[in-house]
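Q: Sending over run27.tsv (TSV, C-alpha atoms and all ligand atoms).
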chain	number	residue	atom	x	y	z
C	24	MET	CA	-7.83	137.88	49.75
C	25	TRP	CA	-4.33	137.71	48.22
C	26	THR	CA	-4.05	137.32	44.45
C	27	ALA	CA	-0.99	135.62	42.99
C	28	VAL	CA	0.35	137.87	40.24
C	29	ARG	CA	3.12	135.63	38.94
C	30	GLU	CA	4.44	132.18	39.80
C	31	PHE	CA	7.99	131.79	41.10
C	32	GLU	CA	10.01	128.89	42.46
C	33	ASP	CA	11.44	130.34	45.69
C	34	ILE	CA	9.12	133.26	46.44
C	35	ARG	CA	5.47	134.30	46.15
C	36	TYR	CA	4.36	137.62	44.70
C	37	GLU	CA	0.81	138.57	45.58
C	38	THR	CA	-1.33	141.67	45.83
C	39	THR	CA	-4.43	142.75	47.73
C	40	ASP	CA	-6.60	145.84	48.17
C	41	GLU	CA	-7.19	146.20	44.41
C	42	GLY	CA	-3.51	145.75	43.73
C	43	GLN	CA	-2.39	148.57	46.02
C	44	ILE	CA	-0.51	146.36	48.49
C	45	ALA	CA	2.07	143.90	47.17
C	46	LYS	CA	3.51	141.08	49.26
C	47	ILE	CA	6.80	139.32	48.55
C	48	THR	CA	7.17	136.10	50.55
C	49	ILE	CA	10.41	134.14	50.70
C	50	ASN	CA	9.10	130.60	50.41
C	51	ARG	CA	11.84	128.25	51.62
C	52	PRO	CA	10.58	127.36	55.12
C	53	GLU	CA	12.63	124.11	55.15
C	54	VAL	CA	15.79	126.26	55.53
C	55	ARG	CA	14.16	129.02	57.63
C	56	ASN	CA	13.72	131.04	54.42
C	57	ALA	CA	17.43	131.29	53.69
C	58	PHE	CA	18.07	132.78	50.26
C	59	ARG	CA	20.04	131.19	47.42
C	60	PRO	CA	20.90	132.95	44.13
C	61	GLN	CA	17.58	131.79	42.59
C	62	THR	CA	15.66	133.33	45.51
C	63	VAL	CA	17.50	136.60	45.12
C	64	LYS	CA	16.99	136.66	41.35
C	65	GLU	CA	13.25	136.22	41.88
C	66	MET	CA	13.12	138.84	44.65
C	67	LEU	CA	14.74	141.34	42.29
C	68	ILE	CA	12.10	140.63	39.64
C	69	ALA	CA	9.27	140.92	42.18
C	70	PHE	CA	10.55	144.20	43.63
C	71	GLU	CA	10.91	145.55	40.09
C	72	MET	CA	7.31	144.51	39.35
C	73	ALA	CA	6.12	146.33	42.48
C	74	HIS	CA	8.23	149.35	41.59
C	75	GLU	CA	6.90	149.58	38.04
C	76	ASP	CA	3.24	148.89	38.85
C	77	PRO	CA	1.52	152.29	39.32
C	78	GLN	CA	-1.27	150.58	41.25
C	79	VAL	CA	1.09	149.38	43.99
C	80	GLY	CA	1.61	151.90	46.80
C	81	VAL	CA	3.23	149.79	49.54
C	82	VAL	CA	5.22	146.54	49.55
C	83	ILE	CA	5.38	143.95	52.32
C	84	LEU	CA	8.43	141.68	52.58
C	85	THR	CA	8.00	138.53	54.66
C	86	GLY	CA	8.90	134.87	55.03
C	87	GLU	CA	6.72	131.78	54.74
C	88	GLY	CA	5.46	130.33	58.03
C	89	ASP	CA	5.80	131.41	61.64
C	90	LEU	CA	9.36	130.23	62.30
C	91	ALA	CA	11.42	132.64	60.23
C	92	PHE	CA	11.35	135.85	58.26
C	93	CYS	CA	14.71	134.96	56.72
C	94	SER	CA	17.88	133.24	57.97
C	95	GLY	CA	20.22	134.94	55.51
C	96	GLY	CA	22.37	133.40	52.82
C	97	ASP	CA	21.93	129.65	52.27
C	98	GLN	CA	25.13	128.31	53.81
C	99	LYS	CA	24.68	124.99	52.02
C	100	VAL	CA	25.24	126.61	48.61
C	101	ARG	CA	27.95	128.99	49.79
C	102	GLY	CA	31.06	128.38	47.69
C	103	HIS	CA	34.52	129.80	47.32
C	104	ALA	CA	33.46	133.36	46.43
C	105	GLY	CA	29.79	133.65	47.20
C	106	TYR	CA	26.48	131.81	46.95
C	107	VAL	CA	26.50	129.43	43.99
C	108	GLY	CA	23.46	128.93	41.76
C	109	ASP	CA	22.67	126.38	39.03
C	110	ASP	CA	24.96	128.24	36.62
C	111	GLY	CA	27.93	127.60	38.93
C	112	VAL	CA	28.62	131.32	39.33
C	113	PRO	CA	29.26	132.59	42.90
C	114	ARG	CA	27.23	135.68	43.77
C	115	LEU	CA	26.46	138.11	46.59
C	116	ASN	CA	23.46	139.49	44.73
C	117	ILE	CA	21.42	140.03	47.89
C	118	LEU	CA	23.15	143.41	47.98
C	119	ASP	CA	21.18	144.30	44.83
C	120	VAL	CA	17.96	143.53	46.70
C	121	GLN	CA	19.06	145.80	49.55
C	122	LYS	CA	19.71	148.59	47.04
C	123	LYS	CA	16.35	147.98	45.37
C	124	ILE	CA	14.41	148.12	48.66
C	125	ARG	CA	16.13	151.35	49.54
C	126	GLN	CA	15.82	153.03	46.17
C	127	MET	CA	12.29	152.09	45.18
C	128	PRO	CA	10.04	155.11	45.71
C	129	LYS	CA	7.43	153.25	47.76
C	130	PRO	CA	7.50	152.20	51.42
C	131	VAL	CA	8.65	148.62	52.02
C	132	VAL	CA	7.44	147.02	55.25
C	133	ALA	CA	9.18	144.00	56.81
C	134	MET	CA	6.61	141.68	58.40
C	135	VAL	CA	8.67	139.52	60.77
C	136	ALA	CA	7.61	136.32	62.49
C	137	GLY	CA	10.35	134.13	63.96
C	138	TYR	CA	13.98	134.56	63.04
C	139	ALA	CA	15.42	137.53	61.16
C	140	ILE	CA	19.03	136.43	61.26
C	141	GLY	CA	22.25	137.17	59.37
C	142	GLY	CA	21.55	138.50	55.88
C	143	GLY	CA	17.86	138.08	56.77
C	144	HIS	CA	18.31	140.55	59.59
C	145	VAL	CA	19.91	143.01	57.18
C	146	LEU	CA	16.87	142.71	54.90
C	147	HIS	CA	14.51	143.91	57.64
C	148	VAL	CA	17.00	146.65	58.61
C	149	VAL	CA	16.91	148.13	55.10
C	150	CYS	CA	13.10	148.06	54.92
C	151	ASP	CA	11.35	151.33	55.73
C	152	LEU	CA	9.35	149.85	58.62
C	153	THR	CA	9.36	146.60	60.59
C	154	ILE	CA	6.30	145.05	62.18
C	155	ALA	CA	7.37	142.22	64.47
C	156	ALA	CA	5.42	139.33	65.95
C	157	GLU	CA	5.99	138.51	69.61
C	158	ASN	CA	7.99	135.43	68.58
C	159	ALA	CA	10.42	137.41	66.39
C	160	ARG	CA	14.14	137.04	67.09
C	161	PHE	CA	16.80	139.28	65.64
C	162	GLY	CA	20.56	139.04	65.25
C	163	GLN	CA	23.67	138.87	63.12
C	164	THR	CA	25.79	135.70	62.85
C	165	GLY	CA	28.49	136.81	60.39
C	166	PRO	CA	31.59	136.54	62.60
C	167	LYS	CA	30.36	133.10	63.74
C	168	VAL	CA	29.89	131.67	60.25
C	169	GLY	CA	32.68	133.50	58.44
C	170	SER	CA	30.82	136.41	56.90
C	171	PHE	CA	29.94	140.04	57.47
C	172	ASP	CA	27.92	142.83	55.89
C	173	GLY	CA	29.84	146.04	56.38
C	174	GLY	CA	27.51	148.05	54.13
C	175	LEU	CA	23.95	148.90	55.08
C	176	GLY	CA	23.99	145.87	57.38
C	177	SER	CA	26.36	147.67	59.75
C	178	SER	CA	26.53	151.36	58.88
C	179	TYR	CA	22.79	151.85	58.47
C	180	LEU	CA	22.14	149.56	61.45
C	181	ALA	CA	24.30	151.93	63.51
C	182	ARG	CA	22.17	154.87	62.35
C	183	ILE	CA	19.15	153.03	63.74
C	184	VAL	CA	20.40	151.60	67.03
C	185	GLY	CA	23.56	153.66	67.60
C	186	GLN	CA	27.23	152.74	67.27
C	187	LYS	CA	27.62	150.89	70.59
C	188	LYS	CA	24.59	148.67	70.04
C	189	ALA	CA	25.49	147.99	66.38
C	190	ARG	CA	28.97	146.88	67.45
C	191	GLU	CA	27.47	144.68	70.17
C	192	ILE	CA	25.08	143.08	67.67
C	193	TRP	CA	27.89	142.29	65.22
C	194	TYR	CA	30.76	141.48	67.60
C	195	LEU	CA	28.83	139.23	69.99
C	196	CYS	CA	26.33	137.63	67.56
C	197	ARG	CA	23.64	137.44	70.25
C	198	GLN	CA	19.96	137.09	69.53
C	199	TYR	CA	17.42	139.69	70.69
C	200	ASP	CA	13.72	139.13	71.24
C	201	ALA	CA	10.98	141.35	69.85
C	202	GLN	CA	10.67	143.43	73.01
C	203	GLN	CA	14.43	144.12	73.10
C	204	ALA	CA	14.30	145.03	69.41
C	205	LEU	CA	11.48	147.48	70.11
C	206	GLU	CA	13.41	149.05	72.99
C	207	MET	CA	16.44	149.69	70.76
C	208	GLY	CA	14.33	151.19	67.96
C	209	LEU	CA	15.05	148.30	65.61
C	210	VAL	CA	11.35	147.62	64.96
C	211	ASN	CA	8.30	149.87	64.86
C	212	THR	CA	5.87	147.73	66.84
C	213	VAL	CA	5.40	144.28	68.33
C	214	VAL	CA	2.09	142.46	68.00
C	215	PRO	CA	0.75	138.99	68.81
C	216	LEU	CA	1.65	136.48	66.11
C	217	GLU	CA	-1.99	135.89	65.20
C	218	SER	CA	-2.52	139.59	64.40
C	219	LEU	CA	0.77	140.17	62.56
C	220	GLU	CA	-0.66	140.33	59.05
C	221	ALA	CA	-3.79	142.29	60.06
C	222	GLU	CA	-1.65	144.88	61.86
C	223	THR	CA	0.80	145.11	58.94
C	224	LEU	CA	-2.07	145.62	56.51
C	225	GLN	CA	-3.49	148.32	58.78
C	226	TRP	CA	-0.15	150.20	58.68
C	227	CYS	CA	-0.05	149.80	54.88
C	228	ARG	CA	-3.60	151.12	54.49
C	229	GLU	CA	-2.80	154.16	56.64
C	230	MET	CA	0.12	154.96	54.32
C	231	LEU	CA	-2.02	154.37	51.22
C	232	ALA	CA	-4.42	157.05	52.44
C	233	HIS	CA	-1.62	159.63	52.30
C	234	SER	CA	-0.07	161.55	49.43
C	235	PRO	CA	2.08	159.16	47.33
C	236	LEU	CA	4.36	162.00	46.26
C	237	ALA	CA	4.88	163.13	49.84
C	238	LEU	CA	5.79	159.58	50.91
C	239	ARG	CA	8.06	159.20	47.89
C	240	CYS	CA	9.93	162.43	48.61
C	241	LEU	CA	10.17	161.68	52.34
C	242	LYS	CA	11.77	158.31	51.61
C	243	ALA	CA	14.28	159.93	49.26
C	244	CYS	CA	15.04	162.69	51.79
C	245	LEU	CA	15.53	160.26	54.69
C	246	ASN	CA	17.77	158.08	52.49
C	247	ALA	CA	19.80	161.04	51.19
C	248	ASP	CA	21.00	161.75	54.72
C	249	CYS	CA	23.14	158.58	54.59
C	250	ASP	CA	23.40	157.69	50.89
C	251	GLY	CA	25.89	160.28	49.61
C	252	GLN	CA	25.72	161.10	45.91
C	253	MET	CA	23.46	158.13	45.15
C	254	GLY	CA	21.02	159.51	47.71
C	255	LEU	CA	21.21	162.90	46.04
C	256	LEU	CA	20.58	161.23	42.68
C	257	ASP	CA	17.26	159.82	43.94
C	258	LEU	CA	16.32	163.01	45.75
C	259	ALA	CA	17.14	165.13	42.69
C	260	GLY	CA	15.18	162.70	40.50
C	261	ASN	CA	12.14	163.51	42.58
C	262	ALA	CA	12.78	167.24	42.24
C	263	THR	CA	12.95	166.80	38.45
C	264	LEU	CA	9.76	164.76	38.48
C	265	LEU	CA	7.95	167.54	40.35
C	266	TYR	CA	9.49	170.20	38.11
C	267	TYR	CA	8.30	168.37	34.97
C	268	MET	CA	4.77	168.66	36.36
C	269	SER	CA	5.01	172.46	36.57
C	270	GLU	CA	3.79	174.94	33.91
C	271	GLU	CA	7.24	176.54	34.00
C	272	ALA	CA	9.01	173.35	32.89
C	273	LYS	CA	6.28	172.61	30.34
C	274	GLU	CA	6.84	176.06	28.79
C	275	GLY	CA	10.47	175.13	28.09
C	276	LYS	CA	9.54	171.83	26.46
C	277	ASN	CA	6.58	173.30	24.51
C	278	ALA	CA	8.72	176.16	23.14
C	279	PHE	CA	11.29	173.65	21.84
C	280	VAL	CA	8.64	171.46	20.19
C	281	GLU	CA	6.86	174.55	18.72
C	282	LYS	CA	10.19	175.99	17.49
C	283	ARG	CA	9.77	179.30	19.35
C	284	LYS	CA	11.60	181.15	22.12
C	285	PRO	CA	10.45	180.10	25.61
C	286	ASP	CA	8.64	182.78	27.62
C	287	PHE	CA	9.45	182.29	31.29
C	288	SER	CA	8.47	185.88	32.20
C	289	LYS	CA	5.13	184.86	33.73
C	290	PHE	CA	6.74	182.57	36.29
C	291	PRO	CA	7.52	184.27	39.60
C	292	ARG	CA	10.92	184.23	41.29
C	293	VAL	CA	9.46	183.34	44.69
C	294	PRO	CA	11.60	184.43	47.66
J	1	LIG	C1	17.86	130.64	61.91
J	1	LIG	C2	18.25	129.72	63.05
J	1	LIG	C3	18.57	130.53	64.30
J	1	LIG	C4	17.03	128.80	63.31
J	1	LIG	O1	17.33	127.84	64.30
J	1	LIG	P1	16.33	126.60	64.51
J	1	LIG	O2	16.87	125.84	65.67
J	1	LIG	O3	14.92	127.07	64.59
J	1	LIG	O4	16.38	125.74	63.17
J	1	LIG	P2	17.59	124.87	62.60
J	1	LIG	O5	17.41	123.46	63.01
J	1	LIG	O6	18.89	125.48	62.90
J	1	LIG	O7	17.33	125.03	61.03
J	1	LIG	C5	16.28	124.32	60.38
J	1	LIG	C6	16.82	123.90	59.04
J	1	LIG	O8	17.11	125.08	58.29
J	1	LIG	C7	18.46	125.06	57.88
J	1	LIG	C8	19.16	124.22	58.93
J	1	LIG	O9	20.39	123.73	58.44
J	1	LIG	C9	18.12	123.13	59.17
J	1	LIG	O10	18.14	122.20	58.12
J	1	LIG	P3	18.48	120.63	58.40
J	1	LIG	O11	19.83	120.61	59.01
J	1	LIG	O12	17.40	120.20	59.36
J	1	LIG	O13	18.40	120.00	57.06
J	1	LIG	N1	18.97	126.40	57.83
J	1	LIG	C10	18.74	127.41	58.69
J	1	LIG	N2	19.37	128.52	58.33
J	1	LIG	C11	20.04	128.22	57.21
J	1	LIG	C12	20.91	128.95	56.36
J	1	LIG	N3	21.16	130.23	56.56
J	1	LIG	N4	21.44	128.29	55.31
J	1	LIG	C13	21.16	127.02	55.06
J	1	LIG	N5	20.35	126.26	55.83
J	1	LIG	C14	19.80	126.87	56.89
J	1	LIG	C15	19.46	128.83	62.69
J	1	LIG	O14	19.06	127.91	61.71
J	1	LIG	C16	20.63	129.61	62.19
J	1	LIG	O15	21.37	130.18	62.97
J	1	LIG	N6	20.82	129.61	60.87
J	1	LIG	C17	22.01	130.15	60.24
J	1	LIG	C18	21.95	131.67	60.19
J	1	LIG	C19	23.16	132.21	59.45
J	1	LIG	O16	24.27	132.11	59.94
J	1	LIG	N7	22.95	132.77	58.26
J	1	LIG	C20	24.00	133.23	57.38
J	1	LIG	C21	24.60	134.54	57.81
J	1	LIG	S1	25.74	135.25	56.63
J	1	LIG	C22	24.66	136.03	55.51
J	1	LIG	O17	23.50	135.79	55.55
J	1	LIG	C23	25.20	136.97	54.52
J	1	LIG	C24	26.17	137.90	54.82
J	1	LIG	O18	26.66	137.95	56.06
J	1	LIG	C25	26.68	138.77	53.84
J	1	LIG	C26	26.17	138.73	52.58
J	1	LIG	C27	25.19	137.81	52.26
J	1	LIG	C28	24.70	136.94	53.23
Give the structure from the file, written as structure tokens.
A:
Amino acid sequence: MWTAVREFEDIRYETTDEGQIAKITINRPEVRNAFRPQTVKEMLIAFEMAHEDPQVGVVILTGEGDLAFCSGGDQKVRGHAGYVGDDGVPRLNILDVQKKIRQMPKPVVAMVAGYAIGGGHVLHVVCDLTIAAENARFGQTGPKVGSFDGGLGSSYLARIVGQKKAREIWYLCRQYDAQQALEMGLVNTVVPLESLEAETLQWCREMLAHSPLALRCLKACLNADCDGQMGLLDLAGNATLLYYMSEEAKEGKNAFVEKRKPDFSKFPRVP
């Protein structure tokens, strides 16, 4: 039922439901789906494909197998100043994926079986929704392995679970099971492992039945609350998009192209 759209080395990019649902799967189960620079590069391409494809309405992010969603940065390729790829350059480019998930104007759903740990935990945090299997386990490891994510990984986490809980998660590096995650509002629902994908698809289909513009604007509005001027940029972009669709905006453009004065008199100044 899934159709592979493009071949990658570290991920899979597939669609279903006539191309309306895209699924990005981190495919490195031998390291609990830890990401290396190549993985991140491919994730960025896949998210861009989903963003640009007008057919796609919802994106699922997941990990291959039942053992892990993602275990964060691949510690075996971590070098002096970041995660080192074949080109020898150290990078922390997973932050670009976080930005992409947040900024793309379509809901992104984390489908979590097994571990969502470290930078893998942050990935599910930045997704719009998280559907967890009963075997899911969540946590940060940064202070244990000499790392931290003070950006969305902490500040946005605190918006979700509150300051005290976010500090506990980061300072103590404990793991939390799916039920605990549900109780702290970190995930949207917990389902048996065998129904994880069916349930996730059901949530996606419910969203697909709703107004794409309404969902798009809601995402931008909810982001703007925490994203400062970059949040306003996205929110205002949506306002411009809607304005371009109006007869009033079209009058301005048409008048310029037709080399005449615009006539805005017929457009009401609504209270
Ligand atoms: C994920 C977890 C809890 C799983 O435990 P378990 O017992 O199920 O598996 P095991 O045996 O630990 O792992 C299986 C194989 O996967 C590798 C392991 O080394 C092992 O390989 P072998 O030794 O058998 O060859 N593996 C697992 N996670 C890996 C990783 N992240 N990098 C490289 N190899 C990994 C357990 O494995 C675990 O705790 N993993 C480490 C989690 C972690 O600390 N992640 C990094 C956090 S920092 C980060 O992600 C980050 C950031 O903080 C800021 C910016 C960017 C990234």
Q: Nearest residue to C:Ser288 out of C:Lys188, C:Cys249, C:Gly275, C:Leu67, using all atoms listed in the file?
A: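 Ranking C:Lys188, C:Cys249, C:Gly275, C:Leu67 by distance to C:Ser288, first place goes to C:Gly275.
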Q: What does the distance from atom C24 of ligand LIG 1 (chain J) to atom CA of C:Gly173 come to in Å, to one decimal?
A: 9.1 Å
Q: What are the closest atom pairs, with distances in Å to one decimal, for each residue of chain C lying within 10 Å of ligand LIG 1 (chain J), using all atoms listed in the file, rows by chain and rising residue number, as CSV?
A:
residue,atom,partner,partner_atom,distance
C:Arg51,CA,J:LIG1,O8,9.1
C:Pro52,CA,J:LIG1,O8,7.6
C:Glu53,CA,J:LIG1,O8,5.6
C:Val54,CA,J:LIG1,O8,3.3
C:Arg55,CA,J:LIG1,O8,5.0
C:Asn56,CA,J:LIG1,N2,7.3
C:Ala57,CA,J:LIG1,N3,4.8
C:Phe58,CA,J:LIG1,N3,7.5
C:Arg59,CA,J:LIG1,N4,8.5
C:Leu90,CA,J:LIG1,O3,6.8
C:Ala91,CA,J:LIG1,C1,6.9
C:Phe92,CA,J:LIG1,C1,9.1
C:Cys93,CA,J:LIG1,C1,7.5
C:Ser94,CA,J:LIG1,N3,4.7
C:Gly95,CA,J:LIG1,O17,3.4
C:Gly96,CA,J:LIG1,O17,3.8
C:Asp97,CA,J:LIG1,N4,3.4
C:Gln98,CA,J:LIG1,N4,4.0
C:Lys99,CA,J:LIG1,C13,5.1
C:Val100,CA,J:LIG1,C13,7.6
C:Arg101,CA,J:LIG1,N4,8.6
C:Gly105,CA,J:LIG1,C27,8.0
C:Tyr106,CA,J:LIG1,C27,8.1
C:Arg114,CA,J:LIG1,C27,9.0
C:Leu115,CA,J:LIG1,C27,5.8
C:Asn116,CA,J:LIG1,C27,7.9
C:Ile117,CA,J:LIG1,C27,6.2
C:Leu118,CA,J:LIG1,C26,7.2
C:Gly137,CA,J:LIG1,O3,8.4
C:Tyr138,CA,J:LIG1,C1,5.6
C:Ala139,CA,J:LIG1,C1,7.3
C:Ile140,CA,J:LIG1,C18,5.7
C:Gly141,CA,J:LIG1,C21,3.9
C:Gly142,CA,J:LIG1,O17,3.4
C:Gly143,CA,J:LIG1,O17,6.2
C:His144,CA,J:LIG1,O17,8.1
C:Val145,CA,J:LIG1,O17,8.2
C:Leu146,CA,J:LIG1,O17,9.6
C:Arg160,CA,J:LIG1,C3,8.4
C:Phe161,CA,J:LIG1,C3,9.0
C:Gly162,CA,J:LIG1,C3,8.8
C:Gln163,CA,J:LIG1,C21,6.9
C:Thr164,CA,J:LIG1,O16,4.9
C:Gly165,CA,J:LIG1,O18,4.8
C:Pro166,CA,J:LIG1,O18,8.3
C:Lys167,CA,J:LIG1,O16,7.2
C:Val168,CA,J:LIG1,O16,5.6
C:Gly169,CA,J:LIG1,S1,7.4
C:Ser170,CA,J:LIG1,O18,4.5
C:Phe171,CA,J:LIG1,O18,4.1
C:Asp172,CA,J:LIG1,C25,4.7
C:Gly173,CA,J:LIG1,C25,8.3
C:Gly174,CA,J:LIG1,C25,9.3
C:Gly176,CA,J:LIG1,C25,8.4
C:Cys196,CA,J:LIG1,O16,9.6
C:Gln198,CA,J:LIG1,C3,8.5
Q: Please report, as a Markdown table, each residue of stretch 122-207 of chain C lying at most 10 Å from stretch 69-87 of chain C, together with the nearest pair of atoms and the separation in Å rounded to one decimal; use all atoms listed in the file, and order rows by chain and ascending residue number.
A:
| residue | atom | partner | partner_atom | distance |
| --- | --- | --- | --- | --- |
| C:Lys123 | CA | C:Phe70 | CA | 7.1 |
| C:Ile124 | CA | C:Phe70 | CA | 7.5 |
| C:Gln126 | CA | C:His74 | CA | 9.6 |
| C:Met127 | CA | C:His74 | CA | 6.1 |
| C:Pro128 | CA | C:His74 | CA | 7.3 |
| C:Lys129 | CA | C:Val81 | CA | 5.7 |
| C:Pro130 | CA | C:Val81 | CA | 5.3 |
| C:Val131 | CA | C:Val82 | CA | 4.7 |
| C:Val132 | CA | C:Ile83 | CA | 4.7 |
| C:Ala133 | CA | C:Leu84 | CA | 4.9 |
| C:Met134 | CA | C:Thr85 | CA | 5.1 |
| C:Val135 | CA | C:Thr85 | CA | 6.2 |
| C:Ala136 | CA | C:Gly86 | CA | 7.7 |
| C:Gly137 | CA | C:Gly86 | CA | 9.1 |
| C:Tyr138 | CA | C:Gly86 | CA | 9.5 |
| C:Ala139 | CA | C:Gly86 | CA | 9.3 |
| C:Gly143 | CA | C:Gly86 | CA | 9.7 |
| C:Leu146 | CA | C:Leu84 | CA | 8.8 |
| C:His147 | CA | C:Leu84 | CA | 8.2 |
| C:Cys150 | CA | C:Leu84 | CA | 8.2 |
| C:Asp151 | CA | C:Val82 | CA | 9.9 |
| C:Leu152 | CA | C:Ile83 | CA | 9.5 |
| C:Thr153 | CA | C:Leu84 | CA | 9.4 |
| C:Ile154 | CA | C:Ile83 | CA | 10.0 |
Q: Scan for residues within 10 Å of the point (21.4, 146.5, 68.2) in the coordinates of the file, using only C-alpha atoms, and reply as a ChimeraX atom specification.
A: /C:161-163,177,180-181,183-193,197-199,203-204,206-209
Q: Can you pull out the residues contacting C:Phe31? Cut-off 10 Å, using only C-alpha atoms, and skip same-chain residues under 3 positions away; I want them as a PyMOL selection string.
A: chain C and resi 27-28+34-36+50+61-62+65-66+68-69
Q: What does the distance between atom CA of C:Gly251 and atom CA of C:Leu264 come to in Å, to one decimal place?
A: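 Atom CA of C:Gly251 sits 20.1 Å away from atom CA of C:Leu264.
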Q: What is the atom CA of C:Leu258-atom CA of C:Gly42 distance in Å, reported with one decimal?
A: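 About the pair atom CA of C:Leu258 and atom CA of C:Gly42: they are 26.4 Å apart.
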Q: Env of C:Phe287: 9 Å cut, atoms = only C-alpha atoms, seq-sep filter 2 positions within chain, self excluded. Answer as a PyMOL selection string.
A: chain C and resi 271+274-275+285+289-291
Q: Would you fill the gaps in stretch 39-59 of chain C so it has N, CA and C atoms, then print it as a PDB file, in the coordinates of the input?
A:
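So the final result, stored in part28.pdb, reads:
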ATOM      1  N   THR C  39      -3.078 142.641  47.165  1.00  0.00           N
ATOM      2  CA  THR C  39      -4.430 142.750  47.730  1.00  0.00           C
ATOM      3  C   THR C  39      -4.859 144.211  47.672  1.00  0.00           C
ATOM      4  N   ASP C  40      -6.061 144.477  48.156  1.00  0.00           N
ATOM      5  CA  ASP C  40      -6.600 145.840  48.170  1.00  0.00           C
ATOM      6  C   ASP C  40      -6.549 146.464  46.772  1.00  0.00           C
ATOM      7  N   GLU C  41      -7.153 145.755  45.817  1.00  0.00           N
ATOM      8  CA  GLU C  41      -7.190 146.200  44.410  1.00  0.00           C
ATOM      9  C   GLU C  41      -5.803 146.493  43.868  1.00  0.00           C
ATOM     10  N   GLY C  42      -4.864 145.653  44.274  1.00  0.00           N
ATOM     11  CA  GLY C  42      -3.510 145.750  43.730  1.00  0.00           C
ATOM     12  C   GLY C  42      -2.653 146.826  44.362  1.00  0.00           C
ATOM     13  N   GLN C  43      -3.170 147.459  45.431  1.00  0.00           N
ATOM     14  CA  GLN C  43      -2.390 148.570  46.020  1.00  0.00           C
ATOM     15  C   GLN C  43      -1.309 148.103  46.991  1.00  0.00           C
ATOM     16  N   ILE C  44      -1.508 146.906  47.560  1.00  0.00           N
ATOM     17  CA  ILE C  44      -0.510 146.360  48.490  1.00  0.00           C
ATOM     18  C   ILE C  44       0.079 145.098  47.873  1.00  0.00           C
ATOM     19  N   ALA C  45       1.388 145.086  47.700  1.00  0.00           N
ATOM     20  CA  ALA C  45       2.070 143.900  47.170  1.00  0.00           C
ATOM     21  C   ALA C  45       2.756 143.182  48.314  1.00  0.00           C
ATOM     22  N   LYS C  46       2.811 141.856  48.224  1.00  0.00           N
ATOM     23  CA  LYS C  46       3.510 141.080  49.260  1.00  0.00           C
ATOM     24  C   LYS C  46       4.494 140.127  48.597  1.00  0.00           C
ATOM     25  N   ILE C  47       5.755 140.221  49.032  1.00  0.00           N
ATOM     26  CA  ILE C  47       6.800 139.320  48.550  1.00  0.00           C
ATOM     27  C   ILE C  47       7.149 138.385  49.696  1.00  0.00           C
ATOM     28  N   THR C  48       6.941 137.093  49.492  1.00  0.00           N
ATOM     29  CA  THR C  48       7.170 136.100  50.550  1.00  0.00           C
ATOM     30  C   THR C  48       8.294 135.162  50.152  1.00  0.00           C
ATOM     31  N   ILE C  49       9.352 135.116  50.951  1.00  0.00           N
ATOM     32  CA  ILE C  49      10.410 134.140  50.700  1.00  0.00           C
ATOM     33  C   ILE C  49       9.849 132.784  51.123  1.00  0.00           C
ATOM     34  N   ASN C  50       9.829 131.845  50.187  1.00  0.00           N
ATOM     35  CA  ASN C  50       9.100 130.600  50.410  1.00  0.00           C
ATOM     36  C   ASN C  50      10.046 129.395  50.443  1.00  0.00           C
ATOM     37  N   ARG C  51      10.941 129.391  51.434  1.00  0.00           N
ATOM     38  CA  ARG C  51      11.840 128.250  51.620  1.00  0.00           C
ATOM     39  C   ARG C  51      11.865 127.874  53.122  1.00  0.00           C
ATOM     40  N   PRO C  52      10.669 127.563  53.664  1.00  0.00           N
ATOM     41  CA  PRO C  52      10.580 127.360  55.120  1.00  0.00           C
ATOM     42  C   PRO C  52      11.478 126.227  55.618  1.00  0.00           C
ATOM     43  N   GLU C  53      11.810 125.262  54.730  1.00  0.00           N
ATOM     44  CA  GLU C  53      12.630 124.110  55.150  1.00  0.00           C
ATOM     45  C   GLU C  53      14.045 124.539  55.543  1.00  0.00           C
ATOM     46  N   VAL C  54      14.463 125.730  55.124  1.00  0.00           N
ATOM     47  CA  VAL C  54      15.790 126.260  55.530  1.00  0.00           C
ATOM     48  C   VAL C  54      15.610 127.623  56.218  1.00  0.00           C
ATOM     49  N   ARG C  55      14.467 127.774  56.905  1.00  0.00           N
ATOM     50  CA  ARG C  55      14.160 129.020  57.630  1.00  0.00           C
ATOM     51  C   ARG C  55      14.227 130.228  56.696  1.00  0.00           C
ATOM     52  N   ASN C  56      13.791 129.976  55.443  1.00  0.00           N
ATOM     53  CA  ASN C  56      13.720 131.040  54.420  1.00  0.00           C
ATOM     54  C   ASN C  56      15.083 131.665  54.103  1.00  0.00           C
ATOM     55  N   ALA C  57      16.121 130.838  54.168  1.00  0.00           N
ATOM     56  CA  ALA C  57      17.430 131.290  53.690  1.00  0.00           C
ATOM     57  C   ALA C  57      17.333 131.546  52.178  1.00  0.00           C
ATOM     58  N   PHE C  58      18.125 132.487  51.702  1.00  0.00           N
ATOM     59  CA  PHE C  58      18.070 132.780  50.260  1.00  0.00           C
ATOM     60  C   PHE C  58      19.277 132.173  49.543  1.00  0.00           C
ATOM     61  N   ARG C  59      18.997 131.652  48.343  1.00  0.00           N
ATOM     62  CA  ARG C  59      20.040 131.190  47.420  1.00  0.00           C
ATOM     63  C   ARG C  59      19.979 132.121  46.212  1.00  0.00           C
TER      64      ARG C  59
END
